[in-house]
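S.K.: My structure file coords_22.txt, compact mmCIF, C-alpha atoms, is below:
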# COMPACT_ATOMS: atom_id res chain seq x y z
CA MET A 1 0.00 0.00 0.00
CA ALA A 2 1.31 3.38 -0.99
CA LYS A 3 2.01 5.59 2.00
CA ASP A 4 -0.26 8.32 3.35
CA VAL A 5 -3.24 7.52 1.17
CA LYS A 6 -6.36 9.23 2.42
CA PRO A 7 -9.63 9.46 0.52
CA ARG A 8 -12.02 12.38 1.01
CA VAL A 9 -15.48 12.73 -0.48
CA LYS A 10 -18.15 15.39 -0.34
CA VAL A 11 -21.76 14.34 -0.83
CA PRO A 12 -24.83 16.46 -0.01
CA LYS A 13 -26.69 15.07 3.01
CA SER A 14 -30.03 15.00 1.20
CA ALA A 15 -31.58 15.37 -2.24
CA ALA A 16 -35.03 15.47 -3.84
CA VAL A 17 -36.16 12.46 -5.89
CA GLY A 18 -34.66 12.77 -9.36
CA GLU A 19 -32.35 15.59 -8.34
CA VAL A 20 -28.92 15.79 -9.97
CA ILE A 21 -26.28 16.35 -7.32
CA THR A 22 -22.57 17.14 -7.53
CA LEU A 23 -20.11 14.77 -5.90
CA LYS A 24 -16.51 15.71 -5.19
CA THR A 25 -13.72 13.28 -4.39
CA LEU A 26 -10.06 13.73 -3.58
CA ILE A 27 -7.51 11.11 -2.62
CA SER A 28 -4.00 11.83 -1.46
CA HIS A 29 -1.66 9.70 -3.54
CA PRO A 30 1.79 10.37 -5.04
CA MET A 31 0.72 9.04 -8.51
CA GLU A 32 4.27 8.10 -9.44
CA SER A 33 4.18 7.98 -13.24
CA GLY A 34 6.89 5.38 -13.82
CA GLN A 35 8.70 7.79 -16.15
CA ARG A 36 10.91 9.47 -13.58
CA LYS A 37 14.38 8.42 -12.53
CA ASN A 38 15.95 8.60 -9.10
CA ALA A 39 19.39 9.97 -8.24
CA ASP A 40 21.13 6.75 -9.44
CA GLY A 41 19.46 7.00 -12.83
CA SER A 42 17.27 3.97 -12.29
CA LEU A 43 13.57 4.11 -13.03
CA ILE A 44 11.16 4.77 -10.15
CA PRO A 45 8.49 2.10 -10.58
CA ARG A 46 5.03 3.24 -11.57
CA SER A 47 2.60 3.48 -8.66
CA ILE A 48 -0.70 5.13 -9.47
CA ILE A 49 -4.38 4.73 -8.83
CA ASN A 50 -5.55 3.17 -12.07
CA ARG A 51 -9.30 3.01 -11.57
CA PHE A 52 -11.97 4.91 -9.68
CA THR A 53 -15.59 3.90 -9.37
CA CYS A 54 -18.69 5.24 -7.66
CA GLU A 55 -21.84 3.22 -7.07
CA LEU A 56 -25.22 4.23 -5.68
CA ASN A 57 -27.03 1.28 -4.09
CA GLY A 58 -24.97 -1.11 -6.20
CA VAL A 59 -25.62 0.69 -9.49
CA MET A 60 -22.52 2.07 -11.20
CA VAL A 61 -22.55 5.87 -11.43
CA ILE A 62 -19.09 6.37 -12.87
CA ASP A 63 -16.15 4.10 -13.70
CA VAL A 64 -12.93 5.93 -14.55
CA THR A 65 -9.61 4.65 -15.86
CA LEU A 66 -6.74 6.81 -14.64
CA GLU A 67 -3.49 7.05 -16.58
CA PRO A 68 0.06 7.99 -15.50
CA ALA A 69 -0.37 11.60 -16.63
CA VAL A 70 -2.92 12.25 -13.90
CA SER A 71 -1.36 14.47 -11.27
CA THR A 72 -0.71 13.78 -7.62
CA ASN A 73 -3.71 13.80 -5.25
CA PRO A 74 -6.31 13.17 -7.99
CA TYR A 75 -9.51 15.21 -7.67
CA ILE A 76 -12.59 13.93 -9.45
CA GLU A 77 -15.88 15.83 -9.56
CA PHE A 78 -19.01 14.47 -11.22
CA GLU A 79 -22.79 14.47 -11.08
CA ALA A 80 -25.31 11.78 -10.26
CA ARG A 81 -29.11 11.57 -10.30
CA VAL A 82 -30.62 10.37 -7.06
CA ASP A 83 -33.85 8.37 -7.42
CA ALA A 84 -33.88 6.79 -3.96
CA ALA A 85 -32.14 7.11 -0.61
CA GLY A 86 -29.13 4.92 -0.08
CA ASP A 87 -25.37 4.75 0.05
CA PHE A 88 -22.77 6.10 -2.34
CA LYS A 89 -19.80 3.77 -2.41
CA PHE A 90 -16.50 5.16 -3.68
CA THR A 91 -13.62 2.85 -4.60
CA TRP A 92 -10.08 3.60 -5.69
CA TYR A 93 -7.86 0.82 -7.12
CA ASP A 94 -4.10 1.12 -6.61
CA ASP A 95 -1.46 -0.40 -8.93
CA ASP A 96 -0.14 -2.38 -5.97
CA GLY A 97 -3.50 -4.10 -5.51
CA SER A 98 -4.67 -1.98 -2.59
CA VAL A 99 -8.29 -0.87 -2.66
CA TYR A 100 -9.42 2.22 -0.81
CA GLU A 101 -13.10 2.67 -0.03
CA ASP A 102 -15.43 5.26 1.40
CA VAL A 103 -19.20 5.18 1.85
CA LYS A 104 -21.53 8.16 2.25
CA PRO A 105 -25.28 7.92 2.84
CA ILE A 106 -27.84 10.18 1.20
CA VAL A 107 -31.46 10.67 2.27
CA ILE A 108 -34.45 11.91 0.32
CA ALA A 109 -35.65 15.30 1.52
CA MET S 1 1.64 61.22 -43.91
CA LYS S 2 -1.68 60.79 -42.25
CA LEU S 3 -1.12 57.07 -42.17
CA ARG S 4 2.20 57.42 -40.40
CA THR S 5 0.68 59.58 -37.70
CA SER S 6 -2.03 57.09 -36.95
CA ALA S 7 0.49 54.25 -36.86
CA LEU S 8 2.52 56.23 -34.38
CA ALA S 9 -0.56 56.93 -32.29
CA THR S 10 -1.40 53.23 -32.21
CA ALA S 11 2.11 52.35 -31.14
CA THR S 12 1.98 54.88 -28.35
CA ALA S 13 -1.37 53.64 -27.14
CA LEU S 14 -0.06 50.07 -27.18
CA GLY S 15 3.05 51.11 -25.30
CA LEU S 16 0.95 52.73 -22.61
CA ALA S 17 -1.25 49.68 -22.33
CA LEU S 18 1.79 47.45 -21.85
CA THR S 19 3.22 49.72 -19.20
CA GLY S 20 -0.12 49.62 -17.45
CA MET S 21 -0.07 45.81 -17.36
CA ALA S 22 3.19 45.65 -15.46
CA TRP S 23 1.49 47.09 -12.40
CA ALA S 24 -1.36 45.04 -11.05
CA GLU S 25 -2.99 46.06 -7.83
CA PRO S 26 -3.92 43.37 -5.35
CA VAL S 27 -7.26 41.99 -6.52
CA GLU S 28 -10.32 43.37 -4.78
CA ASP S 29 -12.16 40.34 -3.49
CA THR S 30 -13.48 38.90 -0.25
CA LEU S 31 -12.26 35.60 1.10
CA THR S 32 -15.29 33.72 2.36
CA ILE S 33 -14.61 30.06 2.95
CA GLU S 34 -17.18 27.25 2.72
CA THR S 35 -16.44 24.96 5.65
CA ASP S 36 -18.19 21.96 7.14
CA ASP S 37 -19.60 24.32 9.78
CA GLY S 38 -20.84 27.01 7.41
CA GLN S 39 -19.15 30.06 5.98
CA ILE S 40 -16.35 32.05 7.56
CA THR S 41 -15.02 35.35 6.26
CA MET S 42 -11.35 36.22 6.58
CA VAL S 43 -9.77 39.60 7.16
CA THR S 44 -7.40 39.81 4.18
CA THR S 45 -6.80 43.55 4.14
CA ALA S 46 -6.14 45.59 7.24
CA PRO S 47 -4.57 48.86 8.31
CA ALA S 48 -0.81 48.40 8.58
CA PRO S 49 0.50 47.88 12.12
CA ALA S 50 2.02 50.97 13.76
CA HIS S 51 5.62 49.92 13.15
CA LEU S 52 5.00 50.00 9.38
CA SER S 53 3.34 53.43 9.33
CA ASP S 54 6.29 54.96 7.46
CA VAL S 55 6.27 52.43 4.63
CA MET S 56 2.68 51.34 3.94
CA ASP S 57 -0.92 52.10 4.88
CA THR S 58 -2.58 48.81 4.15
CA ILE S 59 -1.50 45.21 4.53
CA TYR S 60 -2.80 42.57 2.14
CA SER S 61 -2.84 38.83 2.50
CA GLY S 62 -0.97 37.03 -0.28
CA TRP S 63 -4.38 35.66 -1.32
CA HIS S 64 -5.10 38.97 -3.09
CA PHE S 65 -2.11 38.50 -5.38
CA ARG S 66 -3.00 35.06 -6.74
CA ASP S 67 -5.04 34.01 -9.78
CA ALA S 68 -8.81 33.66 -9.65
CA GLU S 69 -8.54 29.85 -9.84
CA THR S 70 -6.05 29.69 -6.98
CA ARG S 71 -8.17 32.04 -4.88
CA ALA S 72 -11.24 29.93 -5.54
CA MET S 73 -9.52 26.77 -4.33
CA GLN S 74 -9.13 28.32 -0.92
CA MET S 75 -12.78 29.36 -0.81
CA ASP S 76 -14.03 25.82 -0.32
CA ASP S 77 -12.46 23.50 2.23
CA PHE S 78 -13.08 20.51 0.04
CA ASP S 79 -11.33 22.07 -2.94
CA ASN S 80 -8.40 23.09 -0.75
CA PRO S 81 -5.86 20.26 -1.09
CA GLY S 82 -4.17 21.42 2.11
CA MET S 83 -7.01 19.86 4.08
CA VAL S 84 -5.63 16.42 3.19
CA PHE S 85 -2.61 17.30 5.28
CA VAL S 86 -4.78 18.57 8.12
CA ASP S 87 -6.49 15.16 8.10
CA ARG S 88 -3.13 13.42 8.14
CA GLY S 89 -2.06 15.60 11.04
CA LEU S 90 -5.20 14.58 12.89
CA ASP S 91 -4.36 10.90 12.42
CA ALA S 92 -0.89 11.54 13.85
CA TRP S 93 -2.38 13.56 16.72
CA ASN S 94 -4.45 10.58 17.84
CA ALA S 95 -1.80 7.93 17.16
CA ALA S 96 0.30 6.40 19.93
CA LEU S 97 3.60 7.68 18.55
CA GLY S 98 5.65 7.93 21.75
CA LYS S 99 8.16 5.50 23.19
CA ASN S 100 5.63 4.38 25.78
CA GLY S 101 2.57 4.85 23.62
CA GLU S 102 2.08 8.55 24.33
CA SER S 103 -0.05 10.52 21.87
CA CYS S 104 -0.69 14.24 21.41
CA ALA S 105 -4.30 13.60 22.37
CA GLY S 106 -3.19 11.99 25.64
CA CYS S 107 -2.04 15.33 27.08
CA HIS S 108 -3.81 17.91 24.94
CA GLN S 109 -7.16 16.17 24.33
CA SER S 110 -8.60 17.39 21.05
CA PRO S 111 -6.61 19.58 18.64
CA GLU S 112 -9.07 22.42 19.37
CA SER S 113 -7.05 22.95 22.56
CA MET S 114 -4.40 24.49 20.27
CA ALA S 115 -6.77 27.23 19.04
CA GLY S 116 -5.05 30.59 19.16
CA LEU S 117 -1.47 29.33 19.11
CA ARG S 118 -0.85 30.01 15.43
CA ALA S 119 -1.89 33.65 15.86
CA VAL S 120 0.81 34.39 18.45
CA VAL S 121 3.85 32.35 17.33
CA PRO S 122 6.76 32.87 16.98
CA ARG S 123 6.89 33.96 20.59
CA VAL S 124 9.37 33.97 23.44
CA ASP S 125 8.84 31.11 25.86
CA GLU S 126 8.32 32.46 29.36
CA LYS S 127 10.29 29.73 31.08
CA THR S 128 13.34 29.44 28.87
CA GLY S 129 13.46 32.93 27.33
CA LYS S 130 14.03 31.36 23.92
CA LEU S 131 12.24 32.36 20.74
CA MET S 132 9.96 29.47 19.82
CA LEU S 133 8.45 28.63 16.45
CA MET S 134 5.50 26.29 16.38
CA GLU S 135 7.98 23.68 15.14
CA ASP S 136 10.00 24.15 18.33
CA TYR S 137 6.93 23.61 20.51
CA ILE S 138 6.06 20.45 18.59
CA ASN S 139 9.61 19.15 18.88
CA SER S 140 9.76 19.86 22.61
CA CYS S 141 6.75 17.56 23.00
CA VAL S 142 8.22 14.97 20.65
CA THR S 143 11.56 14.79 22.47
CA GLU S 144 10.68 15.51 26.10
CA ARG S 145 7.25 13.98 26.51
CA MET S 146 7.31 11.24 23.87
CA GLY S 147 10.98 10.30 24.18
CA LEU S 148 11.59 10.32 20.44
CA GLU S 149 14.25 11.79 18.19
CA ALA S 150 13.32 15.35 17.19
CA TRP S 151 11.36 15.58 13.94
CA GLY S 152 13.09 17.31 11.04
CA MET S 153 12.03 20.96 10.83
CA THR S 154 10.68 20.47 7.32
CA SER S 155 9.77 16.77 7.55
CA LYS S 156 6.39 15.43 6.49
CA SER S 157 5.30 14.62 10.04
CA MET S 158 6.25 18.11 11.16
CA LYS S 159 4.35 19.81 8.36
CA ASP S 160 1.24 17.65 8.79
CA MET S 161 1.22 18.68 12.46
CA LEU S 162 1.80 22.35 11.57
CA ALA S 163 -1.17 22.15 9.21
CA LEU S 164 -3.42 20.61 11.87
CA ILE S 165 -2.46 23.05 14.64
CA SER S 166 -2.56 26.15 12.41
CA PHE S 167 -5.99 25.14 11.14
CA GLN S 168 -7.37 25.40 14.70
CA SER S 169 -6.64 29.15 14.72
CA ARG S 170 -8.13 29.86 11.31
CA GLY S 171 -9.97 33.18 11.26
CA MET S 172 -8.27 34.48 14.40
CA THR S 173 -6.27 37.68 14.14
CA VAL S 174 -2.49 37.50 13.89
CA ASN S 175 -1.04 39.23 16.91
CA VAL S 176 2.57 38.35 17.62
CA ALA S 177 4.35 40.23 20.40
CA THR S 178 7.11 42.56 19.28
CA ASP S 179 7.93 44.15 22.63
CA GLY S 180 9.22 42.95 25.97
CA ALA S 181 11.23 39.76 25.79
CA ALA S 182 10.58 39.53 22.03
CA ALA S 183 12.10 42.94 21.27
CA PRO S 184 15.73 41.88 20.70
CA TYR S 185 14.65 39.01 18.40
CA TRP S 186 12.27 41.30 16.55
CA GLU S 187 15.03 43.89 16.04
CA LYS S 188 17.31 41.17 14.68
CA GLY S 189 14.59 39.98 12.30
CA ARG S 190 14.01 43.55 11.17
CA GLU S 191 17.70 43.98 10.43
CA ILE S 192 17.72 40.80 8.32
CA TYR S 193 14.59 41.96 6.47
CA TYR S 194 16.38 45.09 5.31
CA THR S 195 19.77 43.46 4.61
CA ARG S 196 20.66 42.69 1.01
CA TYR S 197 21.72 39.07 0.46
CA GLY S 198 23.13 37.00 -2.35
CA GLN S 199 24.67 37.69 -5.72
CA LEU S 200 21.55 39.58 -6.70
CA GLU S 201 21.89 41.75 -3.62
CA LEU S 202 18.23 41.73 -2.74
CA ALA S 203 16.69 42.36 0.65
CA CYS S 204 13.21 41.12 1.54
CA ALA S 205 12.09 44.76 1.43
CA ASN S 206 13.21 45.26 -2.18
CA CYS S 207 10.51 42.92 -3.44
CA HIS S 208 7.88 42.81 -0.74
CA GLU S 209 7.88 46.41 0.42
CA ASP S 210 9.10 48.48 -2.54
CA ASN S 211 7.63 46.40 -5.34
CA TYR S 212 4.60 44.44 -4.18
CA GLY S 213 1.97 44.52 -6.92
CA ASN S 214 4.66 44.48 -9.61
CA TYR S 215 5.71 41.41 -11.50
CA ILE S 216 9.07 39.71 -11.09
CA ARG S 217 9.16 37.75 -14.32
CA SER S 218 5.72 36.12 -14.35
CA ASP S 219 5.29 36.16 -10.60
CA HIS S 220 2.98 38.68 -8.97
CA LEU S 221 4.87 40.02 -5.98
CA SER S 222 2.90 40.05 -2.74
CA GLN S 223 3.75 41.77 0.49
CA GLY S 224 5.27 38.52 1.69
CA GLN S 225 2.73 38.09 4.47
CA ILE S 226 2.87 34.74 6.26
CA ASN S 227 -0.61 34.75 7.82
CA GLY S 228 -1.60 32.00 5.38
CA PHE S 229 1.19 29.60 6.35
CA PRO S 230 1.59 26.71 6.22
CA VAL S 231 0.33 26.88 2.64
CA TYR S 232 -0.58 24.22 0.12
CA ARG S 233 1.69 25.14 -2.73
CA LEU S 234 0.48 24.00 -6.13
CA LYS S 235 4.03 23.99 -7.48
CA ASN S 236 5.13 21.46 -4.87
CA ALA S 237 1.79 19.63 -4.59
CA GLY S 238 2.43 19.73 -0.87
CA ILE S 239 2.59 21.77 2.29
CA LEU S 240 5.17 24.52 2.57
CA SER S 241 6.09 26.01 5.96
CA ALA S 242 7.03 29.63 6.55
CA GLN S 243 10.61 28.53 7.25
CA GLN S 244 10.78 26.85 3.83
CA ARG S 245 9.39 29.96 2.16
CA LEU S 246 12.03 32.13 3.81
CA ILE S 247 14.74 29.73 2.69
CA GLY S 248 13.31 29.81 -0.83
CA CYS S 249 13.41 33.59 -0.94
CA VAL S 250 17.00 33.81 0.29
CA ARG S 251 17.96 31.11 -2.22
CA ASP S 252 16.34 33.12 -5.01
CA THR S 253 18.75 35.96 -4.26
CA ARG S 254 21.51 33.42 -5.08
CA ALA S 255 22.75 33.40 -1.53
CA GLU S 256 23.89 30.57 0.69
CA THR S 257 20.74 30.18 2.81
CA PHE S 258 20.23 29.99 6.53
CA LYS S 259 18.97 26.65 7.82
CA ALA S 260 15.37 26.01 8.81
CA GLY S 261 15.08 26.69 12.53
CA SER S 262 18.29 28.74 12.65
CA ASP S 263 18.38 31.79 14.94
CA GLU S 264 18.36 34.05 11.88
CA LEU S 265 15.28 32.55 10.24
CA LYS S 266 13.44 32.31 13.56
CA ALA S 267 13.98 36.02 14.16
CA LEU S 268 12.99 36.76 10.56
CA GLU S 269 9.80 34.72 10.88
CA LEU S 270 8.87 36.71 13.98
CA TYR S 271 9.48 40.01 12.23
CA VAL S 272 7.63 39.01 9.06
CA ALA S 273 4.72 37.68 11.13
CA SER S 274 4.53 41.02 12.96
CA ARG S 275 4.12 42.81 9.63
CA GLY S 276 0.87 40.87 9.30
CA ASN S 277 -0.54 41.76 12.72
CA GLY S 278 -4.21 42.45 12.03
CA LEU S 279 -4.78 39.90 9.22
CA SER S 280 -6.63 36.61 9.79
CA VAL S 281 -4.77 33.36 10.22
CA GLU S 282 -5.57 31.57 6.95
CA GLY S 283 -3.61 28.37 7.43
CA VAL S 284 -4.00 26.15 5.51
CA SER S 285 -4.15 28.48 2.51
CA VAL S 286 -3.56 27.76 -1.19
CA ARG S 287 -0.85 29.51 -3.17
CA ASN S 288 0.76 28.91 -6.54
Please render this file's structure as structure tokens.
M.R.:
Amino acid sequence: MAKDVKPRVKVPKSAAVGEVITLKTLISHPMESGQRKNADGSLIPRSIINRFTCELNGVMVIDVTLEPAVSTNPYIEFEARVDAAGDFKFTWYDDDGSVYEDVKPIVIA
Amino acid sequence: MKLRTSALATATALGLALTGMAWAEPVEDTLTIETDDGQITMVTTAPAPAHLSDVMDTIYSGWHFRDAETRAMQMDDFDNPGMVFVDRGLDAWNAALGKNGESCAGCHQSPESMAGLRAVVPRVDEKTGKLMLMEDYINSCVTERMGLEAWGMTSKSMKDMLALISFQSRGMTVNVATDGAAAPYWEKGREIYYTRYGQLELACANCHEDNYGNYIRSDHLSQGQINGFPVYRLKNAGILSAQQRLIGCVRDTRAETFKAGSDELKALELYVASRGNGLSVEGVSVRN
């Protein structure tokens, strides 16, 4: 597991049925591209988050493939339509096999 | 002939326009931050403290000198990447780091107990009579109470903790003491501020007092206020402490720099902080 990885997400507490809400996510991660060399001239191995997904009650909202050009601490903002109360599940997949998760509930107002 | 005149007129107008662009006033804007607990508004312009009455009337936070996008990042806590480091600091605060399992929380309870500290450091410690940066206070806990090796002044753990503790004082007014026991340190800092260093022979004042608002290459010179420190610096994609910023400035004059935590830079940090007395503590702010 890469060091100091910490996911943060921002989800409104409530929404009306059918409302489109904005979700913001940020995860601290070095996103080492695999292109850089260290002081000895040897390649620093690639270590990035390669996939990000968000599900609402098990239904996929967004599924993103991240590439080495994505900068450190990737920030992803997107929209989702809420038809029922439930849980947003956010998942980040690391190159090293680690999976970071966060869950945020939303209620219907 | 008529043509030539108009061409000349155009050139003159263009020349004037270009001259005008070189001077850019601090942007007029209000820093209102969306936080988890609602909005807070920062004091980012204030009347200059008395000791600056000869040189300037108004002090401006560095926030006024940055681009609209950079300013906007600081206006929402979620968009502010510095908050990641505050969160990391909080994890360290609660962790049993010490030799015998001591944690920050064990003595100090919640980090809120540190509210107000950022606004008054650097300050002279009453017991020892030494000038203390926040880093020095943290290290005295780390070595004396936790029984660990001192953290590096600019190490990750140190800066995460700086971010967490500074954040507790956000919105409070900077008010570092310049008199009493602090006076000799403050005088020393003042002397350094006005001393030219490096091959370029630049003093802090040459840029940040005489030329704030102007551009140095593509960089919009601010007054060099440190009320926003530690900052999230986009260039570094990480936290930058005031000590690192001071080192960076001295380095940019092509001088051999003082070390972080040296007597010189501690005195300078005190003096520079006192030039911002009256502004809000913004830590953790966002700068380019």
S.K.: What lies within 7 Å of S:Ala260 using all atoms listed in the file, ignoring chain neighbours under 3 positions off, as a ChimeraX atom specification?
M.R.: /S:153,243-244,265
S.K.: State, in Å with one decimal place, the distance from atom CA of A:Tyr93 to atom CA of A:Met60.
M.R.: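 Distance between the two atoms: 15.3 Å.
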S.K.: Please, which residues in chain A fall within 10 Å of chain S when counting all atoms listed in the file, and what is the closest atom pair and distance in Å to one decimal for each, ordered by chain then residue number, as JSON lines?
M.R.:
{"residue": "A:Asp4", "atom": "CA", "partner": "S:Arg88", "partner_atom": "CA", "distance": 7.6}
{"residue": "A:Val5", "atom": "CA", "partner": "S:Arg88", "partner_atom": "CA", "distance": 9.1}
{"residue": "A:Lys6", "atom": "CA", "partner": "S:Val84", "partner_atom": "CA", "distance": 7.3}
{"residue": "A:Pro7", "atom": "CA", "partner": "S:Val84", "partner_atom": "CA", "distance": 8.5}
{"residue": "A:Arg8", "atom": "CA", "partner": "S:Val84", "partner_atom": "CA", "distance": 7.9}
{"residue": "A:Val9", "atom": "CA", "partner": "S:Phe78", "partner_atom": "CA", "distance": 8.2}
{"residue": "A:Lys10", "atom": "CA", "partner": "S:Phe78", "partner_atom": "CA", "distance": 7.2}
{"residue": "A:Lys24", "atom": "CA", "partner": "S:Phe78", "partner_atom": "CA", "distance": 7.9}
{"residue": "A:Thr25", "atom": "CA", "partner": "S:Phe78", "partner_atom": "CA", "distance": 8.5}
{"residue": "A:Leu26", "atom": "CA", "partner": "S:Pro81", "partner_atom": "CA", "distance": 8.2}
{"residue": "A:Ile27", "atom": "CA", "partner": "S:Val84", "partner_atom": "CA", "distance": 8.1}
{"residue": "A:Ser28", "atom": "CA", "partner": "S:Val84", "partner_atom": "CA", "distance": 6.7}
{"residue": "A:Pro30", "atom": "CA", "partner": "S:Ala237", "partner_atom": "CA", "distance": 9.3}
{"residue": "A:Ser71", "atom": "CA", "partner": "S:Ala237", "partner_atom": "CA", "distance": 9.0}
{"residue": "A:Thr72", "atom": "CA", "partner": "S:Ala237", "partner_atom": "CA", "distance": 7.0}
{"residue": "A:Asn73", "atom": "CA", "partner": "S:Pro81", "partner_atom": "CA", "distance": 8.0}
{"residue": "A:Pro74", "atom": "CA", "partner": "S:Pro81", "partner_atom": "CA", "distance": 9.9}
{"residue": "A:Tyr75", "atom": "CA", "partner": "S:Asp79", "partner_atom": "CA", "distance": 8.5}
S.K.: With distances taken over only C-alpha atoms, which of A:Val107, A:Ile76, A:Val70, A:Leu43 is nearest to A:Phe90?
M.R.: A:Ile76
S.K.: Hey, can you check how far atom CA of S:Glu25 sits from atom CA of S:Ala72?
M.R.: 18.3 Å
S.K.: Show which residues sit within 7 Å of stretch 78-81 of chain A, as a list in words. Count all atoms listed in the file, and ignore same-chain residues fewer than 3 positions away.
M.R.: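 Using all atoms listed in the file, the neighbours found are Gly18, Glu19, Val20, Ile21, Thr22, Leu23, Lys24 and Val61 of chain A.
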S.K.: Kindly export the residues of the current selection with C-alpha atoms, as a PDB file, in the coordinates of the input.
M.R.:
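Generated file (result.pdb):
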ATOM      1  CA  GLY A  18     -34.660  12.770  -9.360  1.00  0.00           C
ATOM      2  CA  GLU A  19     -32.350  15.590  -8.340  1.00  0.00           C
ATOM      3  CA  VAL A  20     -28.920  15.790  -9.970  1.00  0.00           C
ATOM      4  CA  ILE A  21     -26.280  16.350  -7.320  1.00  0.00           C
ATOM      5  CA  THR A  22     -22.570  17.140  -7.530  1.00  0.00           C
ATOM      6  CA  LEU A  23     -20.110  14.770  -5.900  1.00  0.00           C
ATOM      7  CA  LYS A  24     -16.510  15.710  -5.190  1.00  0.00           C
ATOM      8  CA  VAL A  61     -22.550   5.870 -11.430  1.00  0.00           C
TER       9      VAL A  61
END
S.K.: Using atom CA of S:Glu187 and atom CA of S:Val174 as the two end points, give the distance in Å to one decimal.
M.R.: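 Interatomic distance, atom CA of S:Glu187 to atom CA of S:Val174: 18.8 Å.
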S.K.: Give the padded box for stretch 68-71 of chain S as JSON: axis-aligned, covering all atoms listed in the file, 6 Å on each side, centre and edge lengths in Å to one decimal.
M.R.:
{"center_x": -7.4, "center_y": 31.7, "center_z": -7.4, "size_x": 14.8, "size_y": 16.0, "size_z": 17.0}
S.K.: Tell me which protein, DNA and RNA residues are within 7 Å of A:Arg46, counting all atoms listed in the file, leaving out same-chain ones fewer than 5 positions away, and put them as a VMD selection string.
M.R.: chain A and resid 32 to 34
S.K.: What's around stretch 221-223 of chain S at 10 Å? Count all atoms listed in the file, leave out sequence neighbours fewer than 4 positions away in its own chain, and write the answer as a ChimeraX atom specification.
M.R.: /S:24-26,59-66,204-205,207-217,272,275-276
S.K.: Kindly export the residues of the current selection with C-alpha atoms, as an mmCIF file, in the coordinates of the input.
M.R.:
data_model
loop_
_atom_site.group_PDB
_atom_site.id
_atom_site.type_symbol
_atom_site.label_atom_id
_atom_site.label_comp_id
_atom_site.auth_asym_id
_atom_site.auth_seq_id
_atom_site.Cartn_x
_atom_site.Cartn_y
_atom_site.Cartn_z
ATOM 1 C CA ALA S 24 -1.360 45.040 -11.050
ATOM 2 C CA GLU S 25 -2.990 46.060 -7.830
ATOM 3 C CA PRO S 26 -3.920 43.370 -5.350
ATOM 4 C CA ILE S 59 -1.500 45.210 4.530
ATOM 5 C CA TYR S 60 -2.800 42.570 2.140
ATOM 6 C CA SER S 61 -2.840 38.830 2.500
ATOM 7 C CA GLY S 62 -0.970 37.030 -0.280
ATOM 8 C CA TRP S 63 -4.380 35.660 -1.320
ATOM 9 C CA HIS S 64 -5.100 38.970 -3.090
ATOM 10 C CA PHE S 65 -2.110 38.500 -5.380
ATOM 11 C CA ARG S 66 -3.000 35.060 -6.740
ATOM 12 C CA CYS S 204 13.210 41.120 1.540
ATOM 13 C CA ALA S 205 12.090 44.760 1.430
ATOM 14 C CA CYS S 207 10.510 42.920 -3.440
ATOM 15 C CA HIS S 208 7.880 42.810 -0.740
ATOM 16 C CA GLU S 209 7.880 46.410 0.420
ATOM 17 C CA ASP S 210 9.100 48.480 -2.540
ATOM 18 C CA ASN S 211 7.630 46.400 -5.340
ATOM 19 C CA TYR S 212 4.600 44.440 -4.180
ATOM 20 C CA GLY S 213 1.970 44.520 -6.920
ATOM 21 C CA ASN S 214 4.660 44.480 -9.610
ATOM 22 C CA TYR S 215 5.710 41.410 -11.500
ATOM 23 C CA ILE S 216 9.070 39.710 -11.090
ATOM 24 C CA ARG S 217 9.160 37.750 -14.320
ATOM 25 C CA VAL S 272 7.630 39.010 9.060
ATOM 26 C CA ARG S 275 4.120 42.810 9.630
ATOM 27 C CA GLY S 276 0.870 40.870 9.300
#
S.K.: Using all atoms listed in the file, which residue out of A:Asp40, A:Ile49, A:Val17, A:Asp87 lies closest to A:Glu67?
M.R.: A:Ile49
S.K.: With all atoms listed in the file as the counted atoms, please give the residues lying no more than 9 Å from A:Ile108, apart from itself and same-chain residues fewer than 3 positions off, as a VMD selection string.
M.R.: chain A and resid 13 to 17 82 to 86
